[in-house]
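Below is one structure, written out as structure tokens; comments come after it.
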Amino acid sequence: MATTVSDRPGYGQLLRTPGAWTFLLPGFAARQPFAMLTIGIVLLVQHTTGSYGSAGAVAAVSGVSMALFAPQSGKLADRFGQRAVLLPGVLLHAVSVSALTVLALADAPLWALFAAAVPTGASIPQVGPMVRARWAAMLGATPDRPASPLMSTAAAFESVTDEFTFVLGPVIATALCTGVHPAAGLVTEAALTLVGGLLFAAQGATQPAPRPAATAAEPHASALSVPGVRVLIVAFLGIGAVFGGMQVSLTAFSEEIGHPGVNGVLYGIFAAGNMLAGIACGAIAWKSGPRRRLIVGYVALTLTASGLWAVHSVPLLAGLGLLVGLCIAPALISGYTLVDSLVPATARTEAFTWLTGAVALGQAAAVTAAGQLADAHGASTGFLVPLAGTALALVTLLALRSRLAPPSAGRTVARGIGHREPVTVD
């Protein structure tokens, strides 16, 4: 599908892409429950067990399960088509969430909740990566045309949509769990996943064509075999560490100063920074390449995260949290944009799910580490987790940045291994 673009692409032009609204609206509805799941589990399990530790552990099992199984879902979607994966996936997820809810309300032992959390996380529909794959199919490079300048705008738009989802979803789930019934958050999550997922799956005209067999021109291979994808996974693990560390540490800080209600304000400011930066990234006509933008953005993210542990006042923490949020979106957007040039079309959905799963895995690890540090040494030490995660990821990015250069034109890299001649992406 050809797309005519101007020298300065923007959101309005992106949203006028033929067929875009047919998958954007159901895609937003289908991904909304994803942000409701963790908080829904925490609130229900804490209500039935009286333990935040048990609730966090069950939620962490679900998050780790999602991170491990999401790439397999993406690989199947690339090979057999998104609809073939979504239809059984949303049904399994609805059943798994229902089982977890029933077990929690029945005061089942913790091991039973862990067992139910595994399929609950594993079956989370990967709608966000599937939407990104549809944008890539519509706007990305093909043998007949170069990549559209709107690709970066689409990546920014998806980042803003994701962040809006993670701002709105927990609010909805919390209101339902506290105002209706402790299980209402998970029940609504399951229902929205089922309805939204089925509506999204019905939009077959815009889904990337499945590629069940390898071809001589573009062999089917795992996205994980591409060296650049492995580097991006490390970078996204660090971003996940920021999300998880901020969630726990801001909560602990608010309770430590005796004003637990300020937690929502602080996290909202942090999330607002991410959204504003995402909007700006999509509105700018970039002259630098995504690899350079990723590295510059990650340096800024690491520097801003390095000061969180030393801040002890609400205004300063709000201001620094805003700066941290402003630095996340450029790194996320640049990483997602690089996928189009690094990964063949046969594996893009899988690549996007690896990155999404990396964020979830980094978040799960950070929640655990930051919680333990905050319990043992105070809220400020929990903020060391975002610093450690981003610093380690930045070192990896700088050391292996050459792997983020796409293969030169005319070369096919089977299974991500082969001779690469660097091209200008900076």
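Ligands are numbered from 1 in the order shown, chains are lettered A, B, ... in the order of the structure tokens, and residues start at 1 in each chain.
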
Item to check | Contact residues around A:Leu192 with only C-alpha atoms at 12 Å, ignoring same-chain residues under 4 positions, as an NGL selection string | outcome: :A and (26-37 or 90-91 or 93-94 or 97 or 124-125 or 169 or 173 or 185-188 or 196-200)

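Across the model, the gap from atom CA of A:Ile328 to atom CA of A:Val395 is 16.8 Å.
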
Near stretch 361-368 of chain A, within 8 Å and counting only C-alpha atoms, which residues show up once chain neighbours fewer than 3 positions away are dropped, as a PyMOL selection string?
chain A and resi 60+63-64+67+236-245+247-248+357-358+371-372+385-386

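Each of A:Gly81, A:Gly56, A:Pro129, A:Gly278 was compared to A:Gly204 using only C-alpha atoms, and A:Gly81 turns out to be the nearest.
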
Separating atom CA of A:Glu158 from atom CA of A:Leu387, to the nearest tenth of an Å, is a gap of 25.5 Å

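Comparing A:Gly289, A:Pro260, A:Gly268, A:Gly325 by their smallest distance to A:Leu168, the closest is A:Gly268 (using only C-alpha atoms).
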
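The space separating atom CA of A:Gly378 from atom CA of A:Leu308 comes to 13.3 Å.
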
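Comparing the minimum interatomic distances between A:Met138 and each of A:Leu14, A:Cys327, A:Ile333, A:Ala99, counting only C-alpha atoms, we find that A:Leu14 sits nearest.
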
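Residues with any atom within 12 Å of A:Ala84, counting only C-alpha atoms and excluding same-chain neighbours fewer than 2 positions away, are Ser73, Gly74, Lys75, Leu76, Ala77, Asp78, Arg79, Phe80, Gly81, Gln82, Leu86, Leu87, Pro88, Gly89, Val90, Pro125, Gly197, Leu198, Phe200, Ala201, Ala202, Gly204, Gln207, Ala209 and Pro210 of chain A.
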
Next, dump the selected residues to file, keeping only N, CA, C and O atoms, as a compact mmCIF listing (two decimals), in the first residue's frame.
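Saved to out-v1.txt:
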```txt
# COMPACT_ATOMS: atom_id res chain seq x y z
N SER A 73 4.34 -16.23 20.81
CA SER A 73 3.10 -15.76 20.22
C SER A 73 3.38 -14.91 18.99
O SER A 73 2.71 -15.03 17.96
N GLY A 74 4.38 -14.03 19.09
CA GLY A 74 4.74 -13.20 17.95
C GLY A 74 5.25 -14.02 16.78
O GLY A 74 4.94 -13.73 15.62
N LYS A 75 6.05 -15.05 17.07
CA LYS A 75 6.58 -15.89 16.01
C LYS A 75 5.45 -16.63 15.29
O LYS A 75 5.42 -16.73 14.05
N LEU A 76 4.49 -17.12 16.05
CA LEU A 76 3.34 -17.80 15.44
C LEU A 76 2.50 -16.84 14.61
O LEU A 76 1.98 -17.21 13.54
N ALA A 77 2.36 -15.58 15.09
CA ALA A 77 1.59 -14.59 14.33
C ALA A 77 2.28 -14.27 13.01
O ALA A 77 1.61 -14.09 11.98
N ASP A 78 3.61 -14.18 13.02
CA ASP A 78 4.33 -13.94 11.77
C ASP A 78 4.14 -15.09 10.80
O ASP A 78 4.02 -14.88 9.59
N ARG A 79 4.09 -16.30 11.33
CA ARG A 79 4.06 -17.47 10.45
C ARG A 79 2.66 -17.82 9.97
O ARG A 79 2.47 -18.17 8.80
N PHE A 80 1.68 -17.71 10.86
CA PHE A 80 0.33 -18.16 10.52
C PHE A 80 -0.70 -17.04 10.42
O PHE A 80 -1.84 -17.27 10.03
N GLY A 81 -0.31 -15.82 10.78
CA GLY A 81 -1.23 -14.70 10.74
C GLY A 81 -1.71 -14.33 12.13
O GLY A 81 -1.82 -15.17 13.03
N GLN A 82 -2.01 -13.04 12.32
CA GLN A 82 -2.40 -12.56 13.65
C GLN A 82 -3.72 -13.16 14.11
O GLN A 82 -3.90 -13.49 15.28
N LEU A 86 -4.64 -14.81 17.69
CA LEU A 86 -5.51 -14.05 18.59
C LEU A 86 -6.74 -14.82 19.03
O LEU A 86 -7.12 -14.77 20.21
N LEU A 87 -7.41 -15.49 18.11
CA LEU A 87 -8.68 -16.13 18.44
C LEU A 87 -8.54 -17.14 19.59
O LEU A 87 -9.25 -17.03 20.60
N PRO A 88 -7.64 -18.12 19.51
CA PRO A 88 -7.49 -19.02 20.67
C PRO A 88 -6.85 -18.32 21.87
O PRO A 88 -7.13 -18.67 23.02
N GLY A 89 -6.00 -17.31 21.60
CA GLY A 89 -5.30 -16.64 22.69
C GLY A 89 -6.24 -15.89 23.63
O GLY A 89 -6.12 -15.98 24.86
N VAL A 90 -7.18 -15.12 23.06
CA VAL A 90 -8.09 -14.35 23.92
C VAL A 90 -9.04 -15.27 24.67
O VAL A 90 -9.42 -14.98 25.82
N PRO A 125 -2.82 -11.32 25.11
CA PRO A 125 -2.73 -11.02 23.68
C PRO A 125 -1.71 -9.91 23.42
O PRO A 125 -1.77 -8.85 24.06
N GLY A 197 -10.18 -8.18 21.73
CA GLY A 197 -9.33 -9.07 20.93
C GLY A 197 -10.06 -9.65 19.73
O GLY A 197 -9.51 -9.74 18.63
N LEU A 198 -11.32 -10.02 19.91
CA LEU A 198 -12.10 -10.56 18.79
C LEU A 198 -12.36 -9.49 17.73
O LEU A 198 -12.30 -9.78 16.52
N PHE A 200 -10.45 -6.88 17.12
CA PHE A 200 -9.18 -6.62 16.44
C PHE A 200 -8.85 -7.74 15.46
O PHE A 200 -8.39 -7.49 14.34
N ALA A 201 -9.09 -8.97 15.88
CA ALA A 201 -8.80 -10.11 15.01
C ALA A 201 -9.66 -10.07 13.75
O ALA A 201 -9.26 -10.59 12.69
N ALA A 202 -10.84 -9.47 13.84
CA ALA A 202 -11.74 -9.42 12.69
C ALA A 202 -11.23 -8.49 11.59
O ALA A 202 -11.71 -8.56 10.45
N GLY A 204 -9.04 -8.28 9.25
CA GLY A 204 -8.07 -9.07 8.50
C GLY A 204 -7.42 -8.33 7.36
O GLY A 204 -6.33 -8.70 6.92
N GLN A 207 -3.88 -6.83 8.44
CA GLN A 207 -2.85 -7.64 9.09
C GLN A 207 -1.77 -8.03 8.09
O GLN A 207 -2.05 -8.24 6.91
N ALA A 209 0.68 -10.13 5.88
CA ALA A 209 0.46 -11.44 5.28
C ALA A 209 1.31 -12.48 6.01
O ALA A 209 2.49 -12.25 6.27
N PRO A 210 0.71 -13.61 6.39
CA PRO A 210 1.50 -14.68 7.02
C PRO A 210 2.53 -15.23 6.05
O PRO A 210 2.31 -15.25 4.84
```

Name the residues of stretch 77-299 of chain A that come out as helix (DSSP H, G or I) in a backbone DSSP run; write them as a ChimeraX atom specification. /A:77-80,82-105,110-122,127-139,150-179,184-201,204-206,223-225,227-256,262-283,290-299

Shortest interatomic distance to A:Pro344 - which of A:Ala55, A:Val226, A:Val131, A:Val42, counting only C-alpha atoms: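 Among A:Ala55, A:Val226, A:Val131, A:Val42, it is A:Val226 that comes nearest to A:Pro344.
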
If we count only C-alpha atoms, what is near stretch 108-121 of chain A at a cut-off of 8 Å, once residues fewer than 4 positions away on the same chain are taken out, given as a list of chain:residue names?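 Returned residues: A:Ser54, A:Val58, A:Ala59, A:Val61, A:Ser62, A:Gly63, A:Val64, A:Ser65, A:Met66, A:Leu92, A:His93, A:Ser96, A:Val97, A:Ala99, A:Leu100, A:Leu103, A:Ala104.
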
For the residues in that selection, give me all heavy atoms as a short mmCIF file (atom, residue, chain, number, x, y, z; two decimals), in the first residue's frame.
```cif
data_model
loop_
_atom_site.label_atom_id
_atom_site.label_comp_id
_atom_site.auth_asym_id
_atom_site.auth_seq_id
_atom_site.Cartn_x
_atom_site.Cartn_y
_atom_site.Cartn_z
N SER A 54 2.53 -11.60 48.94
CA SER A 54 1.94 -12.67 48.15
C SER A 54 1.31 -12.12 46.87
O SER A 54 1.44 -12.71 45.79
CB SER A 54 0.88 -13.41 48.97
OG SER A 54 1.45 -14.03 50.10
N VAL A 58 2.43 -13.17 43.00
CA VAL A 58 1.53 -13.73 41.98
C VAL A 58 1.57 -12.86 40.72
O VAL A 58 1.62 -13.37 39.60
CB VAL A 58 0.09 -13.84 42.52
CG1 VAL A 58 -0.86 -14.30 41.42
CG2 VAL A 58 0.04 -14.81 43.70
N ALA A 59 1.55 -11.54 40.91
CA ALA A 59 1.61 -10.64 39.76
C ALA A 59 2.94 -10.79 39.02
O ALA A 59 2.98 -10.74 37.79
CB ALA A 59 1.42 -9.20 40.22
N VAL A 61 4.81 -13.52 38.83
CA VAL A 61 4.77 -14.77 38.06
C VAL A 61 4.05 -14.56 36.74
O VAL A 61 4.49 -15.03 35.68
CB VAL A 61 4.08 -15.88 38.88
CG1 VAL A 61 3.78 -17.10 38.00
CG2 VAL A 61 4.96 -16.29 40.05
N SER A 62 2.95 -13.82 36.78
CA SER A 62 2.21 -13.53 35.56
C SER A 62 3.06 -12.71 34.59
O SER A 62 3.08 -12.98 33.38
CB SER A 62 0.93 -12.76 35.91
OG SER A 62 0.23 -12.39 34.74
N GLY A 63 3.80 -11.71 35.11
CA GLY A 63 4.63 -10.88 34.25
C GLY A 63 5.78 -11.64 33.62
O GLY A 63 6.07 -11.48 32.43
N VAL A 64 6.43 -12.50 34.40
CA VAL A 64 7.53 -13.30 33.86
C VAL A 64 7.01 -14.28 32.82
O VAL A 64 7.63 -14.49 31.76
CB VAL A 64 8.26 -14.04 35.00
CG1 VAL A 64 9.26 -15.05 34.44
CG2 VAL A 64 8.97 -13.05 35.92
N SER A 65 5.86 -14.87 33.08
CA SER A 65 5.27 -15.80 32.11
C SER A 65 4.97 -15.09 30.80
O SER A 65 5.23 -15.63 29.71
CB SER A 65 3.98 -16.39 32.69
OG SER A 65 3.37 -17.27 31.77
N MET A 66 4.45 -13.87 30.88
CA MET A 66 4.18 -13.12 29.67
C MET A 66 5.46 -12.85 28.90
O MET A 66 5.53 -13.02 27.68
CB MET A 66 3.48 -11.80 30.02
CG MET A 66 2.93 -11.03 28.81
SD MET A 66 4.14 -10.05 27.92
CE MET A 66 4.25 -8.61 28.98
N LEU A 92 -8.28 -18.37 25.71
CA LEU A 92 -7.49 -18.96 26.79
C LEU A 92 -7.24 -17.95 27.91
O LEU A 92 -7.29 -18.30 29.10
CB LEU A 92 -6.15 -19.46 26.23
CG LEU A 92 -5.16 -20.03 27.25
CD1 LEU A 92 -5.75 -21.21 28.00
CD2 LEU A 92 -3.85 -20.42 26.56
N HIS A 93 -7.00 -16.70 27.54
CA HIS A 93 -6.75 -15.69 28.56
C HIS A 93 -7.98 -15.45 29.43
O HIS A 93 -7.87 -15.36 30.65
CB HIS A 93 -6.32 -14.38 27.90
CG HIS A 93 -5.91 -13.32 28.88
ND1 HIS A 93 -4.74 -13.40 29.61
CD2 HIS A 93 -6.51 -12.18 29.28
CE1 HIS A 93 -4.64 -12.35 30.41
NE2 HIS A 93 -5.71 -11.59 30.23
N SER A 96 -8.26 -18.33 31.78
CA SER A 96 -7.20 -18.33 32.80
C SER A 96 -7.45 -17.27 33.87
O SER A 96 -7.28 -17.53 35.06
CB SER A 96 -5.84 -18.09 32.13
OG SER A 96 -5.56 -19.10 31.18
N VAL A 97 -7.85 -16.08 33.44
CA VAL A 97 -8.14 -15.01 34.41
C VAL A 97 -9.33 -15.40 35.28
O VAL A 97 -9.33 -15.16 36.50
CB VAL A 97 -8.40 -13.68 33.68
CG1 VAL A 97 -8.89 -12.61 34.66
CG2 VAL A 97 -7.13 -13.20 32.99
N ALA A 99 -10.21 -18.41 36.10
CA ALA A 99 -9.75 -19.44 37.04
C ALA A 99 -8.96 -18.82 38.18
O ALA A 99 -9.15 -19.18 39.36
CB ALA A 99 -8.89 -20.46 36.30
N LEU A 100 -8.09 -17.86 37.87
CA LEU A 100 -7.31 -17.19 38.91
C LEU A 100 -8.23 -16.44 39.86
O LEU A 100 -8.04 -16.47 41.09
CB LEU A 100 -6.31 -16.22 38.26
CG LEU A 100 -5.46 -15.37 39.20
CD1 LEU A 100 -4.63 -16.24 40.14
CD2 LEU A 100 -4.55 -14.44 38.40
N LEU A 103 -10.07 -18.97 42.13
CA LEU A 103 -9.16 -19.54 43.12
C LEU A 103 -8.86 -18.55 44.24
O LEU A 103 -8.81 -18.91 45.42
CB LEU A 103 -7.87 -19.98 42.44
CG LEU A 103 -7.96 -21.24 41.56
CD1 LEU A 103 -6.67 -21.42 40.75
CD2 LEU A 103 -8.22 -22.47 42.42
N ALA A 104 -8.65 -17.29 43.87
CA ALA A 104 -8.36 -16.29 44.89
C ALA A 104 -9.55 -16.08 45.82
O ALA A 104 -9.38 -16.01 47.05
CB ALA A 104 -7.98 -14.97 44.21
#
```

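Among the candidates A:Ala155, A:Ala223, A:Leu397, A:Met246, the residue lying nearest to A:Thr353 is A:Ala223 (atoms considered: only C-alpha atoms).
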
Name all residues at most 7 Å from A:Leu139 (count only C-alpha atoms; drop same-chain ones fewer than 4 positions away) and give them as a CSV table (one decimal) with all heavy atoms, in the first residue's frame.
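For reference, part.csv as written:
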```csv
chain,number,residue,atom,x,y,z
A,135,TRP,N,1.6,-1.3,11.2
A,135,TRP,CA,2.2,-0.1,10.7
A,135,TRP,C,3.4,-0.4,9.8
A,135,TRP,O,3.6,0.2,8.8
A,135,TRP,CB,2.6,0.8,11.9
A,135,TRP,CG,1.5,1.6,12.6
A,135,TRP,CD1,1.2,1.5,13.9
A,135,TRP,CD2,0.6,2.5,12.0
A,135,TRP,NE1,0.1,2.4,14.1
A,135,TRP,CE2,-0.2,3.0,13.0
A,135,TRP,CE3,0.4,3.0,10.7
A,135,TRP,CZ2,-1.2,4.0,12.7
A,135,TRP,CZ3,-0.6,3.9,10.4
A,135,TRP,CH2,-1.4,4.4,11.5
A,147,ALA,N,11.2,2.9,2.9
A,147,ALA,CA,10.4,3.1,4.1
A,147,ALA,C,9.8,4.5,4.1
A,147,ALA,O,10.5,5.4,3.7
A,147,ALA,CB,11.2,2.8,5.4
A,148,SER,N,8.6,4.6,4.6
A,148,SER,CA,8.0,5.9,4.7
A,148,SER,C,8.6,6.7,5.9
A,148,SER,O,8.8,6.1,6.9
A,148,SER,CB,6.5,5.8,4.9
A,148,SER,OG,5.9,7.0,5.3
A,150,LEU,N,6.9,8.3,7.7
A,150,LEU,CA,5.9,8.2,8.8
A,150,LEU,C,6.2,7.0,9.7
A,150,LEU,O,5.5,6.9,10.7
A,150,LEU,CB,4.5,8.0,8.2
A,150,LEU,CG,3.9,9.2,7.5
A,150,LEU,CD1,2.7,8.8,6.7
A,150,LEU,CD2,3.5,10.2,8.6
A,151,MET,N,7.2,6.2,9.5
A,151,MET,CA,7.5,5.1,10.4
A,151,MET,C,7.9,5.6,11.8
A,151,MET,O,7.4,5.0,12.8
A,151,MET,CB,8.6,4.2,9.8
A,151,MET,CG,8.2,3.1,8.8
A,151,MET,SD,7.0,1.9,9.5
A,151,MET,CE,8.0,1.3,10.9
```
